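One file, structure_34.cif, carrying mmCIF, C-alpha atoms:
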data_model
loop_
_atom_site.label_atom_id
_atom_site.label_comp_id
_atom_site.auth_asym_id
_atom_site.auth_seq_id
_atom_site.Cartn_x
_atom_site.Cartn_y
_atom_site.Cartn_z
CA MET A 28 139.13 94.11 74.53
CA ARG A 29 141.21 90.93 74.36
CA VAL A 30 138.88 89.18 76.79
CA TRP A 31 135.70 89.89 74.82
CA LEU A 32 137.35 89.13 71.49
CA ARG A 33 138.40 85.75 72.83
CA LEU A 34 134.90 85.02 74.12
CA VAL A 35 133.24 85.92 70.82
CA CYS A 36 135.74 83.84 68.85
CA LEU A 37 135.26 80.91 71.23
CA LEU A 38 131.47 81.05 70.94
CA VAL A 39 131.46 81.26 67.15
CA VAL A 40 134.06 78.53 66.62
CA THR A 41 132.39 76.23 69.16
CA ILE A 42 128.90 76.60 67.68
CA ILE A 43 130.14 75.94 64.15
CA GLY A 44 132.17 72.94 65.34
CA SER A 45 129.20 71.54 67.27
CA ILE A 46 126.94 71.76 64.23
CA GLN A 47 129.54 69.97 62.13
CA THR A 48 129.92 67.32 64.83
CA ASN A 49 126.20 66.62 64.99
CA ILE A 50 125.92 66.30 61.23
CA GLY A 51 129.02 64.12 61.00
CA ALA A 52 127.78 61.82 63.77
CA LEU A 53 124.40 61.32 62.08
CA LEU A 54 126.14 60.34 58.84
CA ARG A 55 128.12 57.57 60.58
CA PRO A 56 127.02 54.10 61.69
CA LYS A 57 125.67 54.18 65.24
CA ILE A 58 128.54 52.08 66.56
CA GLU A 59 131.06 54.72 65.42
CA ARG A 60 129.30 57.81 66.73
CA LEU A 61 130.69 57.88 70.26
CA ALA A 62 134.32 57.65 69.16
CA TYR A 63 133.64 60.28 66.50
CA ARG A 64 132.11 62.71 69.01
CA MET A 65 135.09 62.26 71.36
CA ARG A 66 137.55 62.94 68.53
CA ARG A 67 135.62 66.00 67.43
CA GLN A 68 135.53 67.23 71.02
CA GLY A 69 139.32 67.10 71.01
CA VAL A 70 139.46 69.21 67.85
CA ALA A 71 137.12 71.80 69.37
CA ALA A 72 139.09 71.84 72.64
CA ARG A 73 142.40 72.45 70.88
CA ARG A 74 140.86 75.35 68.99
CA ALA A 75 139.57 76.80 72.25
CA CYS A 76 143.01 76.48 73.83
CA ARG A 77 144.55 78.35 70.90
CA ILE A 78 142.00 81.14 71.28
CA PHE A 79 142.76 81.49 75.01
CA ASN A 80 146.50 80.91 74.43
CA ILE A 81 146.52 77.91 76.76
CA HIS A 82 149.43 75.52 76.15
CA VAL A 83 148.84 72.00 77.45
CA LYS A 84 151.42 69.25 77.86
CA VAL A 85 150.96 65.74 79.23
CA SER A 86 153.32 63.66 81.33
CA GLU A 87 152.93 60.73 78.93
CA ASP A 88 151.01 59.76 75.81
CA ALA A 89 147.68 58.70 77.30
CA ARG A 90 145.34 60.06 74.66
CA ILE A 91 143.45 56.80 74.13
CA ALA A 92 142.52 54.56 77.05
CA LEU A 93 139.47 52.44 76.26
CA SER A 94 136.91 51.52 78.94
CA THR A 95 138.66 53.76 81.46
CA LEU A 96 137.17 55.93 84.19
CA ARG A 97 139.44 58.93 84.59
CA VAL A 98 139.30 61.24 87.60
CA SER A 99 140.88 64.65 88.02
CA ASN A 100 141.16 67.61 90.35
CA HIS A 101 139.00 70.59 89.34
CA LEU A 102 140.22 74.20 89.17
CA THR A 103 138.11 76.13 86.63
CA VAL A 104 135.28 75.85 84.11
CA MET A 105 137.98 75.50 81.44
CA ASP A 106 139.19 72.17 82.85
CA PRO A 107 137.09 70.05 80.46
CA ILE A 108 138.52 71.96 77.50
CA ILE A 109 142.07 71.62 78.83
CA LEU A 110 141.67 67.87 79.37
CA ALA A 111 139.82 67.20 76.12
CA SER A 112 142.57 68.95 74.15
CA GLN A 113 144.83 65.98 74.99
CA LEU A 114 142.50 63.10 75.90
CA ASP A 115 139.66 61.34 74.10
CA VAL A 116 137.01 61.36 76.83
CA CYS A 117 133.35 61.87 77.62
CA PHE A 118 132.63 64.11 80.57
CA ALA A 119 130.15 63.67 83.40
CA GLY A 120 128.55 66.78 84.86
CA LYS A 121 125.59 68.15 86.74
CA ALA A 122 122.14 67.77 85.19
CA GLU A 123 121.34 71.50 85.26
CA ILE A 124 123.91 72.08 82.51
CA ALA A 125 121.37 70.65 80.07
CA ARG A 126 119.16 73.68 80.74
CA TRP A 127 121.84 76.28 80.11
CA PRO A 128 121.32 78.19 76.83
CA ILE A 129 123.77 77.11 74.09
CA ILE A 130 126.15 75.48 76.61
CA GLY A 131 123.70 72.65 77.31
CA TRP A 132 123.28 71.94 73.60
CA ILE A 133 127.05 71.98 73.04
CA CYS A 134 127.59 69.49 75.88
CA LYS A 135 125.01 67.14 74.36
CA CYS A 136 126.79 67.36 71.01
CA TYR A 137 129.88 65.89 72.64
CA ALA A 138 128.00 63.10 74.47
CA MET A 139 128.31 64.51 77.99
CA LEU A 140 126.71 62.41 80.74
CA LEU A 141 124.56 64.36 83.19
CA VAL A 142 123.68 63.50 86.80
CA ASP A 143 121.02 64.94 89.09
CA ARG A 144 123.01 65.35 92.30
CA ARG A 145 119.99 66.62 94.22
CA HIS A 146 118.56 63.10 94.52
CA ARG A 147 120.64 60.36 96.15
CA GLY A 148 118.51 57.72 94.40
CA LYS A 149 119.98 58.81 91.08
CA VAL A 150 123.44 57.49 91.95
CA LYS A 151 122.80 53.99 90.62
CA THR A 152 121.31 55.40 87.44
CA PHE A 153 124.34 57.63 86.98
CA ALA A 154 126.73 54.75 87.65
CA SER A 155 124.94 52.54 85.16
CA GLN A 156 125.16 55.31 82.54
CA ILE A 157 128.91 55.51 83.04
CA ARG A 158 129.33 51.74 82.86
CA GLU A 159 127.29 51.60 79.66
CA ARG A 160 129.56 54.24 78.16
CA LEU A 161 132.65 52.34 79.29
CA GLN A 162 131.26 49.12 77.82
CA LYS A 163 131.10 50.90 74.48
CA ARG A 164 134.88 51.32 74.80
CA GLY A 165 134.56 54.96 75.70
CA SER A 166 136.63 56.81 78.29
CA VAL A 167 134.68 58.80 80.90
CA LEU A 168 136.16 61.62 82.97
CA VAL A 169 134.63 62.85 86.21
CA PHE A 170 135.57 65.54 88.71
CA PRO A 171 134.79 63.71 91.97
CA GLU A 172 135.16 66.86 94.06
CA GLY A 173 131.84 67.90 92.52
CA THR A 174 132.88 71.55 92.20
CA THR A 175 135.94 73.70 91.58
CA GLY A 176 138.48 74.01 94.37
CA ASN A 177 141.05 76.56 95.53
CA GLY A 178 144.10 74.98 93.87
CA LYS A 179 145.81 74.10 97.15
CA THR A 180 143.89 71.11 98.47
CA LEU A 181 141.49 68.45 97.20
CA LEU A 182 137.91 68.62 98.43
CA PRO A 183 136.27 65.40 99.70
CA PHE A 184 135.32 63.09 96.82
CA LYS A 185 131.77 62.14 95.93
CA THR A 186 131.60 58.38 95.45
CA GLY A 187 128.73 57.85 93.00
CA ALA A 188 130.79 57.55 89.82
CA PHE A 189 133.02 54.87 91.34
CA GLU A 190 130.07 52.50 91.60
CA SER A 191 130.34 52.13 87.82
CA ILE A 192 133.59 50.13 88.03
CA ARG A 193 133.02 48.24 91.27
CA ASP A 194 133.20 44.46 90.76
CA TRP A 195 133.88 44.91 87.04
CA ASN A 196 137.23 43.51 85.96
CA GLN A 197 137.02 45.13 82.53
CA GLY A 198 136.85 48.66 83.89
CA ARG A 199 139.97 50.66 84.65
CA LEU A 200 140.64 53.71 86.82
CA GLN A 201 143.21 56.37 86.02
CA PRO A 202 144.06 59.48 88.11
CA ILE A 203 144.97 62.83 86.56
CA PHE A 204 146.34 65.98 88.15
CA ILE A 205 145.93 69.38 86.47
CA ASN A 206 148.89 71.60 87.29
CA VAL A 207 149.78 75.15 86.24
CA VAL A 208 153.44 75.64 85.37
CA GLY A 209 153.34 79.07 83.75
CA VAL A 210 151.21 82.22 84.00
CA ASN A 211 151.55 85.04 81.45
CA GLY A 212 154.89 83.66 80.31
CA ARG A 213 156.36 83.36 83.80
CA ILE A 214 157.46 79.89 84.95
CA ILE A 215 156.12 79.07 88.39
CA GLN A 216 156.43 76.27 90.93
CA GLY A 217 154.16 74.71 93.54
CA ASP A 218 150.55 75.73 93.95
CA GLU A 219 150.97 79.41 92.98
CA GLY A 220 149.68 78.92 89.43
CA ARG A 221 146.77 76.72 90.48
CA ILE A 222 145.70 79.32 93.02
CA ALA A 223 145.95 82.07 90.37
CA ILE A 224 143.46 80.44 88.02
CA SER A 225 141.26 78.61 90.53
CA GLN A 226 137.95 79.60 92.05
CA GLY A 227 139.70 80.42 95.31
CA SER A 228 142.01 83.04 93.83
CA ASP A 229 139.77 86.01 94.68
CA GLY A 230 138.13 84.66 97.80
CA LYS A 231 134.73 83.91 96.30
CA HIS A 232 133.12 81.24 94.17
CA ARG A 233 132.58 82.56 90.66
CA THR A 234 129.71 81.79 88.31
CA PHE A 235 130.31 80.02 84.99
CA ILE A 236 130.43 83.34 83.11
CA GLU A 237 132.63 85.02 85.71
CA ASP A 238 135.08 82.13 85.68
CA THR A 239 135.23 82.10 81.87
CA LEU A 240 135.96 85.84 81.89
CA HIS A 241 138.64 85.27 84.51
CA MET A 242 140.35 82.63 82.38
CA ALA A 243 140.12 84.78 79.24
CA GLY A 244 141.99 87.55 81.04
CA PHE A 245 145.32 85.72 81.17
CA ARG A 246 147.73 86.53 78.36
CA ARG A 247 149.11 82.98 78.38
CA LEU A 248 148.74 79.86 80.50
CA ASP A 249 150.96 76.78 80.53
CA ILE A 250 149.23 73.70 81.88
CA GLU A 251 150.65 70.29 82.70
CA LEU A 252 148.51 67.16 82.90
CA ARG A 253 150.11 64.57 85.14
CA ILE A 254 148.70 61.19 84.10
CA GLY A 255 148.96 58.44 86.69
CA PRO A 256 149.07 54.67 86.11
CA PHE A 257 145.93 52.55 86.25
CA LEU A 258 144.92 51.72 89.82
CA ASN A 259 144.31 48.23 91.15
CA ILE A 260 140.79 48.37 92.58
CA SER A 261 140.01 44.66 92.75
CA GLY A 262 137.64 43.79 95.60
CA MET A 263 137.07 47.41 96.67
CA ASP A 264 133.71 49.04 97.32
CA ARG A 265 133.03 52.47 95.89
CA ARG A 266 134.21 54.34 98.99
CA ALA A 267 137.51 52.47 99.03
CA ILE A 268 137.91 53.15 95.30
CA SER A 269 137.22 56.83 95.95
CA GLU A 270 139.89 56.95 98.67
CA ALA A 271 142.40 55.21 96.40
CA ALA A 272 141.69 57.68 93.60
CA ARG A 273 142.00 60.68 95.90
CA GLY A 274 145.28 59.38 97.30
CA ALA A 275 146.66 58.82 93.78
CA ILE A 276 145.77 62.35 92.67
CA MET A 277 147.33 63.81 95.80
CA ALA A 278 150.50 61.81 95.04
CA LEU A 279 150.55 63.25 91.52
CA SER A 280 150.42 66.77 92.97
CA GLY A 281 153.93 66.38 94.44
CA ASN A 282 156.71 68.66 93.30
CA ASN A 283 157.74 66.59 90.33
CA PRO A 284 159.64 68.23 87.47
CA PRO A 285 157.11 69.83 85.12
CA CYS A 286 156.75 68.92 81.47
CA THR A 287 158.70 71.15 79.13
CA GLU A 288 158.23 71.98 75.48
#
Go ahead and render the structure in this file as structure tokens.
Amino acid sequence: MRVWLRLVCLLVVTIIGSIQTNIGALLRPKIERLAYRMRRQGVAARRACRIFNIHVKVSEDARIALSTLRVSNHLTVMDPIILASQLDVCFAGKAEIARWPIIGWICKCYAMLLVDRRHRGKVKTFASQIRERLQKRGSVLVFPEGTTGNGKTLLPFKTGAFESIRDWNQGRLQPIFINVVGVNGRIIQGDEGRIAISQGSDGKHRTFIEDTLHMAGFRRLDIELRIGPFLNISGMDRRAISEAARGAIMALSGNNPPCTE
């Protein structure tokens, strides 16, 4: 019962918030709309976290970082909500999301960038979309693994998004590591919590709905966002940037003391 009640509440609250966001954006000057949509996304994400009883802490105050490409590991479909609850960002995702009922419309409300990963020729278009967003002083977050992992290791990174900041001294790159420090009120260490919530926890890759149901089934989750420093990527091509980002996220996954309330 708790699971379905949470899902219904999440759907209703999100739809109402998205309608309000669209109206509010249209009433603002065009130059202010992106920042407004990112702020409103944060409001919606914090509401969603309250509904699912997800408590998120960050390793430092990094809410606003203009013209920054942020990259993170990827555990569940709830990751964008978890991240947006603490960070003002636009997300980049797969193009097919636009065709999903309701979800696609909600993502467009919050200025999500979409990429068609089936065609390699789309990489430059995707990179230029990210750079344009960064030039508008927005912060873009991508999951370079391209899919959710098992919580223990990082999958190989896709490099397309990193083309957006190559040879651009105004762009910045910041790594983020999503860690789980508590499950159902129990404090945990290492990768146990990440495995519990990740796609690899039951030995199969779940669909969007299945993963949402899985996340709604936890009584409480405590999540830590480890925010790394900006990386020096001067003179690097996109593959070298990708390797630097992956190495930085792996470094953040070390057994550092978790954030506490």
ask   = Nearest to Ile43 (chain A) among A:Leu110, A:Ala92, A:Ile58, A:Cys136, with distances taken over all atoms listed in the file: which residue is it?
value =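 Of A:Leu110, A:Ala92, A:Ile58, A:Cys136, the one nearest Ile43 (chain A) is A:Cys136, counting all atoms listed in the file.
Here CA of Lys121 (chain A) and CA of Arg273 (chain A) stand 20.2 Å from one another.
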task = Would you kindly return, as a PyMOL selection string, each protein, DNA or RNA residue with an atom no farther than 9 Å from any atom of region 199-208 of chain A, considering only C-alpha atoms and excluding same-chain residues fewer than 6 positions away?
result = chain A and resi 92-102+106+109-110+178+189+192+214-224+248-260+268+272-273+275-277+279-280+285-286
query = When you draw a straight line from CA of Arg246 (chain A) to CA of Thr174 (chain A), how long is it in Å?
reply = 25.2 Å
query = If you measure from CA of Val169 (chain A) to CA of Gly120 (chain A), what distance in Å do you get, rounded to one decimal?
reply =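 Calculated distance between CA of Val169 (chain A) and CA of Gly120 (chain A) is 7.4 Å.
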note = Counting all atoms listed in the file, closest pick from A:Arg158, A:Ala243, A:Leu114, A:Asp194 relative to Lys84 (chain A) is A:Leu114
message = Would you pick out the contacts of Ala188 (chain A) at 12 Å or less, using only C-alpha atoms, so that residues sharing its chain but fewer than 2 positions from it are not included, and give the list as a PyMOL selection string?
response = chain A and resi 96-98+118-120+140-142+144+149-158+161+167-173+184-186+190-193+200+264-266+268-269+272
As AutoDock Vina command-line options, please report the centre and edge lengths, rounded to one decimal in Å, of the axis-aligned box that holds all listed atoms of region 180-196 of chain A with 5 Å of padding on each of the six sides.
--center_x 136.3 --center_y 57.3 --center_z 92.8 --size_x 25.2 --size_y 37.6 --size_z 23.7
query = For Arg73 (chain A), which of A:Ala138, A:Ala111, A:Val116, A:Leu53 is the closest residue, counting only C-alpha atoms?
reply =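 With only C-alpha atoms as the atom set, the closest residue is A:Ala111.
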query = Nearest to Arg60 (chain A): which of A:Ser166, A:Tyr137, A:Thr175, A:His82 is it, counting all atoms listed in the file?
reply = A:Tyr137
request  = Could you state which residues are captured by the PyMOL selection byres ((chain A and resi 30) around 10) in this file, as a PyMOL selection string?
outcome  = chain A and resi 28-29+31-35+79+239-246
ask   = For the file shown, what are the residues hit by the PyMOL selection byres ((chain A and resi 133) around 10), laid out as a list in words?
value = Thr41, Ile42, Gly44, Ser45, Ile46, Thr48, Asn49, Gln68, Ile124, Ala125, Trp127, Pro128, Ile129, Ile130, Gly131, Trp132, Cys134, Lys135, Cys136, Tyr137, Ala138 and Met139 of chain A
Top pick for closest residue to Thr103 (chain A), considering A:Ile236, A:Ser225, A:Ala72, A:Ala271 and counting only C-alpha atoms = A:Ser225
